[in-house]
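Next up, my_file-v5.pdb (PDB, C-alpha atoms and all ligand atoms):
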```
MODEL        1
ATOM      1  CA  MET A   1      37.420  27.843  -3.356  1.00  0.00           C
ATOM      2  CA  ASN A   2      37.070  24.200  -4.400  1.00  0.00           C
ATOM      3  CA  LYS A   3      38.356  23.151  -0.997  1.00  0.00           C
ATOM      4  CA  PHE A   4      35.795  25.418   0.615  1.00  0.00           C
ATOM      5  CA  LEU A   5      32.985  23.944  -1.533  1.00  0.00           C
ATOM      6  CA  SER A   6      34.067  20.404  -0.748  1.00  0.00           C
ATOM      7  CA  PHE A   7      34.177  21.325   2.963  1.00  0.00           C
ATOM      8  CA  CYS A   8      30.603  22.724   2.708  1.00  0.00           C
ATOM      9  CA  LYS A   9      29.468  19.569   0.939  1.00  0.00           C
ATOM     10  CA  LYS A  10      30.986  17.389   3.652  1.00  0.00           C
ATOM     11  CA  VAL A  11      29.364  19.461   6.403  1.00  0.00           C
ATOM     12  CA  GLY A  12      26.080  19.351   4.463  1.00  0.00           C
ATOM     13  CA  ASN A  13      26.244  15.568   4.098  1.00  0.00           C
ATOM     14  CA  LYS A  14      27.028  15.156   7.808  1.00  0.00           C
ATOM     15  CA  PHE A  15      24.031  17.337   8.561  1.00  0.00           C
ATOM     16  CA  LEU A  16      21.822  15.215   6.279  1.00  0.00           C
ATOM     17  CA  ASP A  17      23.139  12.059   7.965  1.00  0.00           C
ATOM     18  CA  LEU A  18      22.106  13.482  11.305  1.00  0.00           C
ATOM     19  CA  VAL A  19      18.672  14.545  10.072  1.00  0.00           C
ATOM     20  CA  PHE A  20      18.026  11.413   7.984  1.00  0.00           C
ATOM     21  CA  PRO A  21      20.102   8.729   9.696  1.00  0.00           C
ATOM     22  CA  LEU A  22      18.049   5.903   8.193  1.00  0.00           C
ATOM     23  CA  ASN A  23      19.055   6.792   4.648  1.00  0.00           C
ATOM     24  CA  THR A  24      21.974   4.404   4.941  1.00  0.00           C
ATOM     25  CA  LYS A  25      19.941   1.492   6.207  1.00  0.00           C
ATOM     26  CA  CYS A  26      17.715  -1.155   4.639  1.00  0.00           C
ATOM     27  CA  ILE A  27      14.076  -0.040   4.985  1.00  0.00           C
ATOM     28  CA  PHE A  28      13.119  -3.576   6.039  1.00  0.00           C
ATOM     29  CA  CYS A  29      15.833  -4.964   8.339  1.00  0.00           C
ATOM     30  CA  ASN A  30      17.933  -1.858   9.169  1.00  0.00           C
ATOM     31  CA  ASN A  31      21.179  -3.410   7.904  1.00  0.00           C
ATOM     32  CA  GLU A  32      23.685  -0.941   6.490  1.00  0.00           C
ATOM     33  CA  ILE A  33      23.419  -0.586   2.692  1.00  0.00           C
ATOM     34  CA  VAL A  34      25.600   1.023   0.038  1.00  0.00           C
ATOM     35  CA  ASP A  35      23.360   3.181  -2.148  1.00  0.00           C
ATOM     36  CA  PHE A  36      20.009   4.005  -0.593  1.00  0.00           C
ATOM     37  CA  ASP A  37      18.861   6.193  -3.496  1.00  0.00           C
ATOM     38  CA  LYS A  38      19.390   3.391  -5.976  1.00  0.00           C
ATOM     39  CA  LYS A  39      17.967   0.585  -3.829  1.00  0.00           C
ATOM     40  CA  PRO A  40      16.710   1.212  -0.279  1.00  0.00           C
ATOM     41  CA  TYR A  41      16.936  -2.430   0.810  1.00  0.00           C
ATOM     42  CA  CYS A  42      19.719  -4.970   1.315  1.00  0.00           C
ATOM     43  CA  ASP A  43      20.498  -7.987  -0.889  1.00  0.00           C
ATOM     44  CA  GLU A  44      19.264 -10.421   1.772  1.00  0.00           C
ATOM     45  CA  CYS A  45      15.815  -8.779   1.960  1.00  0.00           C
ATOM     46  CA  GLU A  46      15.614  -8.500  -1.814  1.00  0.00           C
ATOM     47  CA  LYS A  47      15.704 -12.313  -2.002  1.00  0.00           C
ATOM     48  CA  TYR A  48      12.318 -12.803  -0.327  1.00  0.00           C
ATOM     49  CA  ALA A  49      10.641  -9.376  -0.189  1.00  0.00           C
ATOM     50  CA  PHE A  50       9.125  -9.200  -3.664  1.00  0.00           C
ATOM     51  CA  ASN A  51       5.839 -10.747  -4.734  1.00  0.00           C
ATOM     52  CA  LYS A  52       6.932 -12.936  -7.642  1.00  0.00           C
ATOM     53  CA  GLY A  53       5.912 -16.222  -9.227  1.00  0.00           C
ATOM     54  CA  ALA A  54       2.401 -17.514  -9.918  1.00  0.00           C
ATOM     55  CA  LYS A  55      -0.156 -14.964  -8.692  1.00  0.00           C
ATOM     56  CA  CYS A  56      -3.924 -14.509  -8.920  1.00  0.00           C
ATOM     57  CA  ILE A  57      -4.713 -12.199 -11.853  1.00  0.00           C
ATOM     58  CA  LYS A  58      -7.279 -10.414  -9.677  1.00  0.00           C
ATOM     59  CA  CYS A  59      -5.889 -10.088  -6.134  1.00  0.00           C
ATOM     60  CA  ASP A  60      -2.139 -10.765  -6.519  1.00  0.00           C
ATOM     61  CA  THR A  61      -2.042 -13.583  -3.958  1.00  0.00           C
ATOM     62  CA  ARG A  62       0.220 -16.609  -4.511  1.00  0.00           C
ATOM     63  CA  ILE A  63      -1.423 -19.476  -6.336  1.00  0.00           C
ATOM     64  CA  LYS A  64      -0.440 -22.849  -7.663  1.00  0.00           C
ATOM     65  CA  GLU A  65       1.643 -22.720 -10.812  1.00  0.00           C
ATOM     66  CA  GLY A  66      -0.668 -23.004 -13.843  1.00  0.00           C
ATOM     67  CA  ASN A  67      -3.714 -21.471 -12.108  1.00  0.00           C
ATOM     68  CA  LYS A  68      -4.928 -18.021 -13.068  1.00  0.00           C
ATOM     69  CA  ILE A  69      -7.320 -16.992 -10.354  1.00  0.00           C
ATOM     70  CA  CYS A  70      -7.446 -17.895  -6.653  1.00  0.00           C
ATOM     71  CA  ASP A  71     -10.389 -19.725  -5.072  1.00  0.00           C
ATOM     72  CA  HIS A  72     -11.188 -16.642  -3.039  1.00  0.00           C
ATOM     73  CA  CYS A  73     -11.656 -14.429  -6.118  1.00  0.00           C
ATOM     74  CA  LYS A  74     -13.635 -17.216  -7.784  1.00  0.00           C
ATOM     75  CA  SER A  75     -16.133 -17.349  -4.945  1.00  0.00           C
ATOM     76  CA  HIS A  76     -16.435 -13.657  -3.974  1.00  0.00           C
ATOM     77  CA  LYS A  77     -17.545 -10.852  -6.224  1.00  0.00           C
ATOM     78  CA  ARG A  78     -14.725  -8.361  -6.733  1.00  0.00           C
ATOM     79  CA  TYR A  79     -15.659  -4.757  -7.340  1.00  0.00           C
ATOM     80  CA  PHE A  80     -12.122  -3.785  -8.359  1.00  0.00           C
ATOM     81  CA  GLU A  81     -10.395  -4.622 -11.637  1.00  0.00           C
ATOM     82  CA  LYS A  82      -7.118  -5.758 -10.136  1.00  0.00           C
ATOM     83  CA  CYS A  83      -5.022  -5.428  -7.004  1.00  0.00           C
ATOM     84  CA  PHE A  84      -1.263  -4.721  -7.134  1.00  0.00           C
ATOM     85  CA  CYS A  85       0.967  -5.666  -4.181  1.00  0.00           C
ATOM     86  CA  PRO A  86       4.718  -5.525  -4.818  1.00  0.00           C
ATOM     87  CA  LEU A  87       5.892  -7.037  -1.513  1.00  0.00           C
ATOM     88  CA  ASN A  88       5.261 -10.143   0.538  1.00  0.00           C
ATOM     89  CA  TYR A  89       4.018  -9.406   4.045  1.00  0.00           C
ATOM     90  CA  GLU A  90       6.673 -11.594   5.647  1.00  0.00           C
ATOM     91  CA  LYS A  91       9.755 -11.413   7.905  1.00  0.00           C
ATOM     92  CA  ALA A  92      11.450  -7.980   8.035  1.00  0.00           C
ATOM     93  CA  VAL A  93       9.000  -6.533   5.478  1.00  0.00           C
ATOM     94  CA  ARG A  94       6.238  -7.225   7.965  1.00  0.00           C
ATOM     95  CA  SER A  95       8.030  -5.556  10.890  1.00  0.00           C
ATOM     96  CA  SER A  96       8.923  -2.577   8.714  1.00  0.00           C
ATOM     97  CA  ILE A  97       5.263  -2.124   7.703  1.00  0.00           C
ATOM     98  CA  LEU A  98       4.129  -2.493  11.304  1.00  0.00           C
ATOM     99  CA  SER A  99       6.505   0.370  12.249  1.00  0.00           C
ATOM    100  CA  PHE A 100       5.052   2.406   9.397  1.00  0.00           C
ATOM    101  CA  LYS A 101       1.500   1.709  10.532  1.00  0.00           C
ATOM    102  CA  ASP A 102       1.812   1.914  14.289  1.00  0.00           C
ATOM    103  CA  SER A 103       5.161   3.366  15.384  1.00  0.00           C
ATOM    104  CA  ASN A 104       5.280   6.663  13.534  1.00  0.00           C
ATOM    105  CA  ALA A 105       7.822   5.535  10.884  1.00  0.00           C
ATOM    106  CA  ARG A 106       6.191   7.910   8.396  1.00  0.00           C
ATOM    107  CA  TYR A 107       9.443   8.423   6.460  1.00  0.00           C
ATOM    108  CA  LEU A 108       8.942   4.925   4.951  1.00  0.00           C
ATOM    109  CA  ALA A 109       6.012   6.160   2.826  1.00  0.00           C
ATOM    110  CA  LYS A 110       8.396   7.583   0.203  1.00  0.00           C
ATOM    111  CA  SER A 111      10.311   4.332  -0.327  1.00  0.00           C
ATOM    112  CA  TYR A 112       7.171   2.186  -0.284  1.00  0.00           C
ATOM    113  CA  ALA A 113       5.523   4.505  -2.829  1.00  0.00           C
ATOM    114  CA  LYS A 114       8.532   4.185  -5.134  1.00  0.00           C
ATOM    115  CA  ILE A 115       8.350   0.367  -4.885  1.00  0.00           C
ATOM    116  CA  ILE A 116       4.631   0.478  -5.755  1.00  0.00           C
ATOM    117  CA  PHE A 117       5.298   2.925  -8.591  1.00  0.00           C
ATOM    118  CA  ASP A 118       7.988   0.647 -10.068  1.00  0.00           C
ATOM    119  CA  TYR A 119       5.681  -2.370  -9.741  1.00  0.00           C
ATOM    120  CA  ILE A 120       2.733  -0.906 -11.633  1.00  0.00           C
ATOM    121  CA  LYS A 121       4.273   1.622 -13.998  1.00  0.00           C
ATOM    122  CA  ASP A 122       4.729  -0.926 -16.785  1.00  0.00           C
ATOM    123  CA  GLU A 123       1.157  -2.237 -16.539  1.00  0.00           C
ATOM    124  CA  ASN A 124      -0.124   0.501 -18.837  1.00  0.00           C
ATOM    125  CA  LEU A 125      -2.682   1.439 -16.220  1.00  0.00           C
ATOM    126  CA  HIS A 126      -4.808   4.491 -16.914  1.00  0.00           C
ATOM    127  CA  PHE A 127      -6.438   6.145 -13.949  1.00  0.00           C
ATOM    128  CA  ASP A 128      -7.624   9.673 -13.149  1.00  0.00           C
ATOM    129  CA  ILE A 129      -7.558   9.916  -9.375  1.00  0.00           C
ATOM    130  CA  ILE A 130      -5.656   8.399  -6.466  1.00  0.00           C
ATOM    131  CA  THR A 131      -7.538   7.795  -3.245  1.00  0.00           C
ATOM    132  CA  PHE A 132      -7.000   5.760  -0.051  1.00  0.00           C
ATOM    133  CA  VAL A 133      -8.744   3.464   2.395  1.00  0.00           C
ATOM    134  CA  PRO A 134     -10.064   5.734   5.154  1.00  0.00           C
ATOM    135  CA  SER A 135      -9.306   5.435   8.867  1.00  0.00           C
ATOM    136  CA  HIS A 136     -11.772   6.277  11.579  1.00  0.00           C
ATOM    137  CA  LYS A 137     -10.957   9.468  13.512  1.00  0.00           C
ATOM    138  CA  THR A 138     -10.282   7.346  16.633  1.00  0.00           C
ATOM    139  CA  SER A 139      -7.491   5.457  14.809  1.00  0.00           C
ATOM    140  CA  ILE A 140      -6.104   8.671  13.341  1.00  0.00           C
ATOM    141  CA  LYS A 141      -6.022  10.189  16.819  1.00  0.00           C
ATOM    142  CA  ARG A 142      -4.223   7.146  18.226  1.00  0.00           C
ATOM    143  CA  ARG A 143      -1.630   6.928  15.422  1.00  0.00           C
ATOM    144  CA  GLY A 144      -1.465  10.593  14.582  1.00  0.00           C
ATOM    145  CA  TYR A 145      -1.975   9.821  10.873  1.00  0.00           C
ATOM    146  CA  ASN A 146      -3.561   7.489   8.338  1.00  0.00           C
ATOM    147  CA  PRO A 147      -0.736   5.369   6.799  1.00  0.00           C
ATOM    148  CA  ALA A 148      -2.714   4.732   3.590  1.00  0.00           C
ATOM    149  CA  LYS A 149      -3.178   8.485   3.114  1.00  0.00           C
ATOM    150  CA  LEU A 150       0.579   9.156   3.523  1.00  0.00           C
ATOM    151  CA  LEU A 151       1.250   6.476   0.950  1.00  0.00           C
ATOM    152  CA  ALA A 152      -1.379   7.837  -1.447  1.00  0.00           C
ATOM    153  CA  ASP A 153       0.211  11.311  -1.223  1.00  0.00           C
ATOM    154  CA  GLU A 154       3.615   9.949  -2.249  1.00  0.00           C
ATOM    155  CA  ILE A 155       2.169   7.749  -5.019  1.00  0.00           C
ATOM    156  CA  ALA A 156       0.216  10.727  -6.389  1.00  0.00           C
ATOM    157  CA  LEU A 157       3.465  12.713  -6.655  1.00  0.00           C
ATOM    158  CA  LEU A 158       5.193   9.908  -8.563  1.00  0.00           C
ATOM    159  CA  PHE A 159       2.314   9.385 -11.000  1.00  0.00           C
ATOM    160  CA  ASP A 160       1.593  13.112 -11.161  1.00  0.00           C
ATOM    161  CA  LYS A 161      -2.129  12.524 -10.508  1.00  0.00           C
ATOM    162  CA  PRO A 162      -4.515  14.244  -8.092  1.00  0.00           C
ATOM    163  CA  ARG A 163      -5.015  12.655  -4.668  1.00  0.00           C
ATOM    164  CA  LEU A 164      -8.597  12.968  -3.509  1.00  0.00           C
ATOM    165  CA  GLU A 165     -10.339  12.004  -0.279  1.00  0.00           C
ATOM    166  CA  THR A 166     -13.327   9.964  -1.487  1.00  0.00           C
ATOM    167  CA  LEU A 167     -14.341   7.838   1.496  1.00  0.00           C
ATOM    168  CA  LEU A 168     -15.143   8.589   5.098  1.00  0.00           C
ATOM    169  CA  LYS A 169     -15.026   5.986   7.865  1.00  0.00           C
ATOM    170  CA  ILE A 170     -18.097   6.764   9.905  1.00  0.00           C
ATOM    171  CA  THR A 171     -18.005   3.969  12.462  1.00  0.00           C
ATOM    172  CA  HIS A 172     -15.052   2.484  14.292  1.00  0.00           C
ATOM    173  CA  THR A 173     -14.886  -1.202  13.309  1.00  0.00           C
ATOM    174  CA  LYS A 174     -13.189  -4.021  15.232  1.00  0.00           C
ATOM    175  CA  ALA A 175      -9.700  -5.178  14.216  1.00  0.00           C
ATOM    176  CA  GLN A 176     -10.126  -7.463  11.200  1.00  0.00           C
ATOM    177  CA  LYS A 177      -7.198  -9.806  11.476  1.00  0.00           C
ATOM    178  CA  ASN A 178      -8.891 -12.704  13.310  1.00  0.00           C
ATOM    179  CA  LEU A 179     -12.153 -12.588  11.375  1.00  0.00           C
ATOM    180  CA  SER A 180     -13.290 -14.697   8.434  1.00  0.00           C
ATOM    181  CA  TYR A 181     -14.063 -13.071   5.090  1.00  0.00           C
ATOM    182  CA  SER A 182     -17.810 -12.922   5.647  1.00  0.00           C
ATOM    183  CA  GLU A 183     -17.265 -11.584   9.168  1.00  0.00           C
ATOM    184  CA  ARG A 184     -14.935  -8.942   7.768  1.00  0.00           C
ATOM    185  CA  ALA A 185     -17.410  -7.907   5.082  1.00  0.00           C
ATOM    186  CA  LYS A 186     -20.224  -7.719   7.630  1.00  0.00           C
ATOM    187  CA  ASN A 187     -18.014  -5.740  10.001  1.00  0.00           C
ATOM    188  CA  LEU A 188     -17.394  -3.204   7.256  1.00  0.00           C
ATOM    189  CA  GLU A 189     -20.951  -2.906   6.027  1.00  0.00           C
ATOM    190  CA  ASN A 190     -22.225   0.618   6.479  1.00  0.00           C
ATOM    191  CA  SER A 191     -18.994   1.688   8.195  1.00  0.00           C
ATOM    192  CA  MET A 192     -17.993   3.974   5.305  1.00  0.00           C
ATOM    193  CA  MET A 193     -19.569   6.557   3.036  1.00  0.00           C
ATOM    194  CA  VAL A 194     -18.551   8.232  -0.215  1.00  0.00           C
ATOM    195  CA  THR A 195     -17.572  11.892  -0.185  1.00  0.00           C
ATOM    196  CA  ASN A 196     -16.863  13.951  -3.307  1.00  0.00           C
ATOM    197  CA  ALA A 197     -19.242  11.741  -5.330  1.00  0.00           C
ATOM    198  CA  LYS A 198     -19.537  14.365  -8.109  1.00  0.00           C
ATOM    199  CA  LEU A 199     -15.770  14.513  -8.584  1.00  0.00           C
ATOM    200  CA  ILE A 200     -15.385  10.757  -9.094  1.00  0.00           C
ATOM    201  CA  LYS A 201     -18.324  10.285 -11.457  1.00  0.00           C
ATOM    202  CA  GLY A 202     -17.209   8.185 -14.447  1.00  0.00           C
ATOM    203  CA  LYS A 203     -13.559   8.232 -13.327  1.00  0.00           C
ATOM    204  CA  THR A 204     -11.019   5.464 -12.979  1.00  0.00           C
ATOM    205  CA  ILE A 205      -9.572   5.374  -9.468  1.00  0.00           C
ATOM    206  CA  LEU A 206      -6.444   3.901  -7.902  1.00  0.00           C
ATOM    207  CA  LEU A 207      -7.319   2.997  -4.312  1.00  0.00           C
ATOM    208  CA  VAL A 208      -4.374   2.766  -1.892  1.00  0.00           C
ATOM    209  CA  ASP A 209      -4.232   0.491   1.161  1.00  0.00           C
ATOM    210  CA  ASP A 210      -1.275  -0.541   3.343  1.00  0.00           C
ATOM    211  CA  VAL A 211      -1.564  -4.341   3.538  1.00  0.00           C
ATOM    212  CA  VAL A 212      -4.053  -6.605   1.787  1.00  0.00           C
ATOM    213  CA  THR A 213      -5.157 -10.011   3.131  1.00  0.00           C
ATOM    214  CA  THR A 214      -8.647 -11.101   2.023  1.00  0.00           C
ATOM    215  CA  CYS A 215      -9.328  -7.819   0.135  1.00  0.00           C
ATOM    216  CA  ALA A 216     -12.480  -7.412   2.276  1.00  0.00           C
ATOM    217  CA  THR A 217     -11.686  -3.772   3.057  1.00  0.00           C
ATOM    218  CA  SER A 218     -10.551  -2.719  -0.398  1.00  0.00           C
ATOM    219  CA  ASN A 219     -13.453  -4.611  -1.965  1.00  0.00           C
ATOM    220  CA  GLN A 220     -15.953  -2.803   0.255  1.00  0.00           C
ATOM    221  CA  CYS A 221     -14.322   0.551  -0.631  1.00  0.00           C
ATOM    222  CA  ALA A 222     -14.444  -0.382  -4.327  1.00  0.00           C
ATOM    223  CA  LYS A 223     -18.111  -1.385  -4.028  1.00  0.00           C
ATOM    224  CA  LEU A 224     -19.015   2.034  -2.631  1.00  0.00           C
ATOM    225  CA  LEU A 225     -16.882   3.952  -5.127  1.00  0.00           C
ATOM    226  CA  LYS A 226     -18.347   1.980  -8.036  1.00  0.00           C
ATOM    227  CA  ASN A 227     -21.724   3.586  -7.346  1.00  0.00           C
ATOM    228  CA  PHE A 228     -20.193   6.655  -9.012  1.00  0.00           C
ATOM    229  CA  ALA A 229     -16.799   5.806 -10.507  1.00  0.00           C
ATOM    230  CA  ASP A 230     -16.188   3.738 -13.622  1.00  0.00           C
ATOM    231  CA  LYS A 231     -13.306   1.452 -12.594  1.00  0.00           C
ATOM    232  CA  ILE A 232     -11.310   0.826  -9.445  1.00  0.00           C
ATOM    233  CA  TYR A 233      -7.766  -0.507  -9.184  1.00  0.00           C
ATOM    234  CA  VAL A 234      -6.279  -1.318  -5.809  1.00  0.00           C
ATOM    235  CA  THR A 235      -2.697  -1.152  -4.621  1.00  0.00           C
ATOM    236  CA  ALA A 236      -1.050  -1.953  -1.285  1.00  0.00           C
ATOM    237  CA  ILE A 237       2.564  -2.167  -0.159  1.00  0.00           C
ATOM    238  CA  ALA A 238       2.361  -5.852   0.680  1.00  0.00           C
ATOM    239  CA  ARG A 239       0.340  -9.002   0.192  1.00  0.00           C
ATOM    240  CA  ASN A 240      -0.447 -11.111   3.228  1.00  0.00           C
ATOM    241  CA  HIS A 241      -0.834 -14.238   1.097  1.00  0.00           C
ATOM    242  CA  LEU A 242      -3.909 -16.385   1.551  1.00  0.00           C
ATOM    243  CA  LYS A 243      -3.301 -19.951   2.637  1.00  0.00           C
ATOM    244  CA  PRO A 244      -5.036 -22.462   0.332  1.00  0.00           C
ATOM    245  CA  GLU A 245      -7.527 -23.393   3.087  1.00  0.00           C
ATOM    246  CA  LYS A 246      -8.416 -19.710   3.467  1.00  0.00           C
ATOM    247  CA  GLN A 247      -8.908 -19.292  -0.262  1.00  0.00           C
ATOM    248  CA  SER A 248     -12.324 -20.870  -0.253  1.00  0.00           C
TER     249      SER A 248
HETATM  250 ZN    ZN A 301      17.406  -5.852   4.684  1.00  0.00          ZN
HETATM  251 ZN    ZN A 302      -7.485 -13.760  -6.046  1.00  0.00          ZN
ENDMDL
END
```
What's the structure tokens form of this structure?
Amino acid sequence: MNKFLSFCKKVGNKFLDLVFPLNTKCIFCNNEIVDFDKKPYCDECEKYAFNKGAKCIKCDTRIKEGNKICDHCKSHKRYFEKCFCPLNYEKAVRSSILSFKDSNARYLAKSYAKIIFDYIKDENLHFDIITFVPSHKTSIKRRGYNPAKLLADEIALLFDKPRLETLLKITHTKAQKNLSYSERAKNLENSMMVTNAKLIKGKTILLVDDVVTTCATSNQCAKLLKNFADKIYVTAIARNHLKPEKQS
């Protein structure tokens, strides 16, 4: 009987390997790894992937040792309390996130959510609702999904909190990556509206995004939510760090 059970287990594991072949590979660089459940990334990626060292107390970007807040947060009003980004948007982390965002690698949401969960669980953060940065229906149609929503679903399971849709993207805005902060903010103005306003009244919200650069998008979301909610925290998988010249 034991032999039979061990045979079934082997067949079962083979089946799982076929269905989830990536569960033996680093989520960033695809190198083979030993224990995916314990640590879904390889030792090489671990060396650079995590957002460590001196960071802005508001937006989690790298800053000079000894500083507390970046120039960008000093000069722009932030509507969120704090932003949490466990990873650096660099090298294989970047390509992994691009696959998650644009090449249907939805399975990565679970591992990213766990990394976010581990990063903020010791912060003693109290929040009532998890929500996400909305995508316009045109982007959802093109991708087939909203990556931030997938991530928010997984994070909500880990924190055991309700995930609520609170924002609607009503106009399709241009890609933000080559715009300055003020251009980004202008681009986003009036592009979103709050839904479920009654349900977020007086609540503390954790807003989920995929990657954060200037915080223009998350700040605009936070500004709208703050018309009803009490406090907004932001989290994203990775920080695209601001260069010093971009911090002003
Ligand atoms: Zn790796
Ligand atoms: Zn900052």
- [ ] Go ahead and find all residues with at least one atom no further than 7 Å from (-1.6, -9.0, 1.5) in the file's coordinates, using all atoms listed in the file; report them as JSON, numbers by chain.
- [x] {"A": [89, 211, 212, 213, 238, 239, 240, 241]}
Task: Distance criterion (only C-alpha atoms): nearest to Asp60 of chain A out of A:Ala236, A:Ala152, A:Asn219, A:Phe36 - done: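 Of all the options, A:Ala236 lies closest to Asp60 of chain A.
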TODO: Name the residues that the PyMOL selection byres (((chain A and resi 69) around 10) and not hetatm) picks from the file above, as number ranges by chain, using the file's chain letters and numbers.
DONE: A: 54-64, 66-68, 70-74
Just-selected residues, C-alpha atoms written as a short mmCIF file (atom, residue, chain, number, x, y, z; two decimals), in the coordinates of the input:
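The resulting file, result.cif, is reproduced below:
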```cif
data_model
loop_
_atom_site.label_atom_id
_atom_site.label_comp_id
_atom_site.auth_asym_id
_atom_site.auth_seq_id
_atom_site.Cartn_x
_atom_site.Cartn_y
_atom_site.Cartn_z
CA ALA A 54 2.40 -17.51 -9.92
CA LYS A 55 -0.16 -14.96 -8.69
CA CYS A 56 -3.92 -14.51 -8.92
CA ILE A 57 -4.71 -12.20 -11.85
CA LYS A 58 -7.28 -10.41 -9.68
CA CYS A 59 -5.89 -10.09 -6.13
CA ASP A 60 -2.14 -10.76 -6.52
CA THR A 61 -2.04 -13.58 -3.96
CA ARG A 62 0.22 -16.61 -4.51
CA ILE A 63 -1.42 -19.48 -6.34
CA LYS A 64 -0.44 -22.85 -7.66
CA GLY A 66 -0.67 -23.00 -13.84
CA ASN A 67 -3.71 -21.47 -12.11
CA LYS A 68 -4.93 -18.02 -13.07
CA CYS A 70 -7.45 -17.90 -6.65
CA ASP A 71 -10.39 -19.73 -5.07
CA HIS A 72 -11.19 -16.64 -3.04
CA CYS A 73 -11.66 -14.43 -6.12
CA LYS A 74 -13.64 -17.22 -7.78
#
```
Open item on the list: Neighbouring residues of segment 184-195 of chain A were defined as those with any atom within 6 Å, considering all atoms listed in the file; residues of the same chain fewer than 5 positions away were excluded. Please report them as a list in words.
Closed with: Thr166, Leu167, Leu168, Lys169, Ile170, Thr171, Leu179 and Ala216 of chain A
Open item on the list: Around ligand ZN 301 (chain A), which protein and nucleic acid residues have at least one atom no more than 7 Å from it, if we count all atoms listed in the file? List them as a PyMOL selection string.
Closed with: chain A and resi 26-31+41-45
- [ ] Excluding segment 122-135 of chain A and residues on its chain fewer than 5 positions from it, collect all residues at most 9 Å away from it, counting all atoms listed in the file, and give them as a PyMOL selection string.
- [x] chain A and resi 140+145-149+151-153+155-156+161-170+172+192+200+203-210+217-218+221+231-233
Task: Test item: which residues lie within 12 Å of (17.9, 6.2, -5.8) counting only C-alpha atoms, as a list in words - done: Asn23, Thr24, Val34, Asp35, Phe36, Asp37, Lys38, Lys39, Pro40, Tyr41, Lys110, Ser111, Lys114 and Ile115 of chain A
Hey, can you spit out that residue selection with C-alpha atoms as a PDB file, in the coordinates of the input?
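Generated output (selection.pdb):
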```pdb
ATOM      1  CA  ASN A  23      19.055   6.792   4.648  1.00  0.00           C
ATOM      2  CA  THR A  24      21.974   4.404   4.941  1.00  0.00           C
ATOM      3  CA  VAL A  34      25.600   1.023   0.038  1.00  0.00           C
ATOM      4  CA  ASP A  35      23.360   3.181  -2.148  1.00  0.00           C
ATOM      5  CA  PHE A  36      20.009   4.005  -0.593  1.00  0.00           C
ATOM      6  CA  ASP A  37      18.861   6.193  -3.496  1.00  0.00           C
ATOM      7  CA  LYS A  38      19.390   3.391  -5.976  1.00  0.00           C
ATOM      8  CA  LYS A  39      17.967   0.585  -3.829  1.00  0.00           C
ATOM      9  CA  PRO A  40      16.710   1.212  -0.279  1.00  0.00           C
ATOM     10  CA  TYR A  41      16.936  -2.430   0.810  1.00  0.00           C
ATOM     11  CA  LYS A 110       8.396   7.583   0.203  1.00  0.00           C
ATOM     12  CA  SER A 111      10.311   4.332  -0.327  1.00  0.00           C
ATOM     13  CA  LYS A 114       8.532   4.185  -5.134  1.00  0.00           C
ATOM     14  CA  ILE A 115       8.350   0.367  -4.885  1.00  0.00           C
TER      15      ILE A 115
END
```
Open item on the list: With distances taken over only C-alpha atoms and all ligand atoms, which residue among A:Ser180, A:Ser75, A:Asn104, A:Asn227 lies nearest ligand ZN 302 (chain A)?
Closed with: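 Between A:Ser180, A:Ser75, A:Asn104, A:Asn227, the residue approaching ligand ZN 302 (chain A) most closely is A:Ser75.
Closest approach to ligand ZN 302 (chain A) among A:Thr173, A:Thr214, A:Ser139, A:Asn178: A:Thr214, based on all atoms listed in the file.
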Task: Shortest interatomic distance to ligand ZN 302 (chain A) - which of A:Lys177, A:Arg78, A:Lys201, A:Arg94, counting all atoms listed in the file - done: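 Among the listed residues, the smallest separation from ligand ZN 302 (chain A) belongs to A:Arg78.
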TODO: Enter the distance from atom CA of Asp118 of chain A to atom CA of Phe80 of chain A, in Å, rounded to one decimal.
DONE: 20.7 Å
Open item on the list: Which residue is closest to ligand ZN 302 (chain A)? Choose from A:Leu157, A:Ile120, A:Cys85, A:Ala229 and count only C-alpha atoms and all ligand atoms.
Closed with: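 Checking each of A:Leu157, A:Ile120, A:Cys85, A:Ala229 against ligand ZN 302 (chain A), counting only C-alpha atoms and all ligand atoms, the winner is A:Cys85.
Across A:Glu154, A:Val234, A:Tyr79, A:Glu32, the tightest approach to Ala109 of chain A is made by A:Glu154 when counting only C-alpha atoms.
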Task: Distance of atom CA of Cys83 of chain A from atom CA of Lys226 of chain A, expressed in Å to one decimal place - done: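 Computing the Euclidean distance for atom CA of Lys226 of chain A and atom CA of Cys83 of chain A yields 15.3 Å.
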TODO: Figure out the distance between atom CA of Ala113 of chain A and atom CA of Leu158 of chain A, please, to one decimal in Å.
DONE: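 So the two atoms, atom CA of Leu158 of chain A and atom CA of Ala113 of chain A, lie 7.9 Å apart.
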Put segment 180-184 of chain A into a file with N, CA and C atoms, as a PDB file, in the first residue's frame.
```pdb
ATOM      1  N   SER A 180       7.341  64.201 -17.645  1.00  0.00           N
ATOM      2  CA  SER A 180       7.812  64.740 -16.367  1.00  0.00           C
ATOM      3  C   SER A 180       6.689  64.589 -15.334  1.00  0.00           C
ATOM      4  N   TYR A 181       7.028  64.901 -14.064  1.00  0.00           N
ATOM      5  CA  TYR A 181       6.017  64.731 -13.019  1.00  0.00           C
ATOM      6  C   TYR A 181       4.786  65.585 -13.270  1.00  0.00           C
ATOM      7  N   SER A 182       5.003  66.862 -13.610  1.00  0.00           N
ATOM      8  CA  SER A 182       3.840  67.735 -13.796  1.00  0.00           C
ATOM      9  C   SER A 182       3.035  67.311 -15.027  1.00  0.00           C
ATOM     10  N   GLU A 183       3.746  66.811 -16.046  1.00  0.00           N
ATOM     11  CA  GLU A 183       3.032  66.301 -17.227  1.00  0.00           C
ATOM     12  C   GLU A 183       2.204  65.064 -16.868  1.00  0.00           C
ATOM     13  N   ARG A 184       2.801  64.218 -16.029  1.00  0.00           N
ATOM     14  CA  ARG A 184       2.095  63.011 -15.594  1.00  0.00           C
ATOM     15  C   ARG A 184       0.831  63.373 -14.818  1.00  0.00           C
TER      16      ARG A 184
END
```
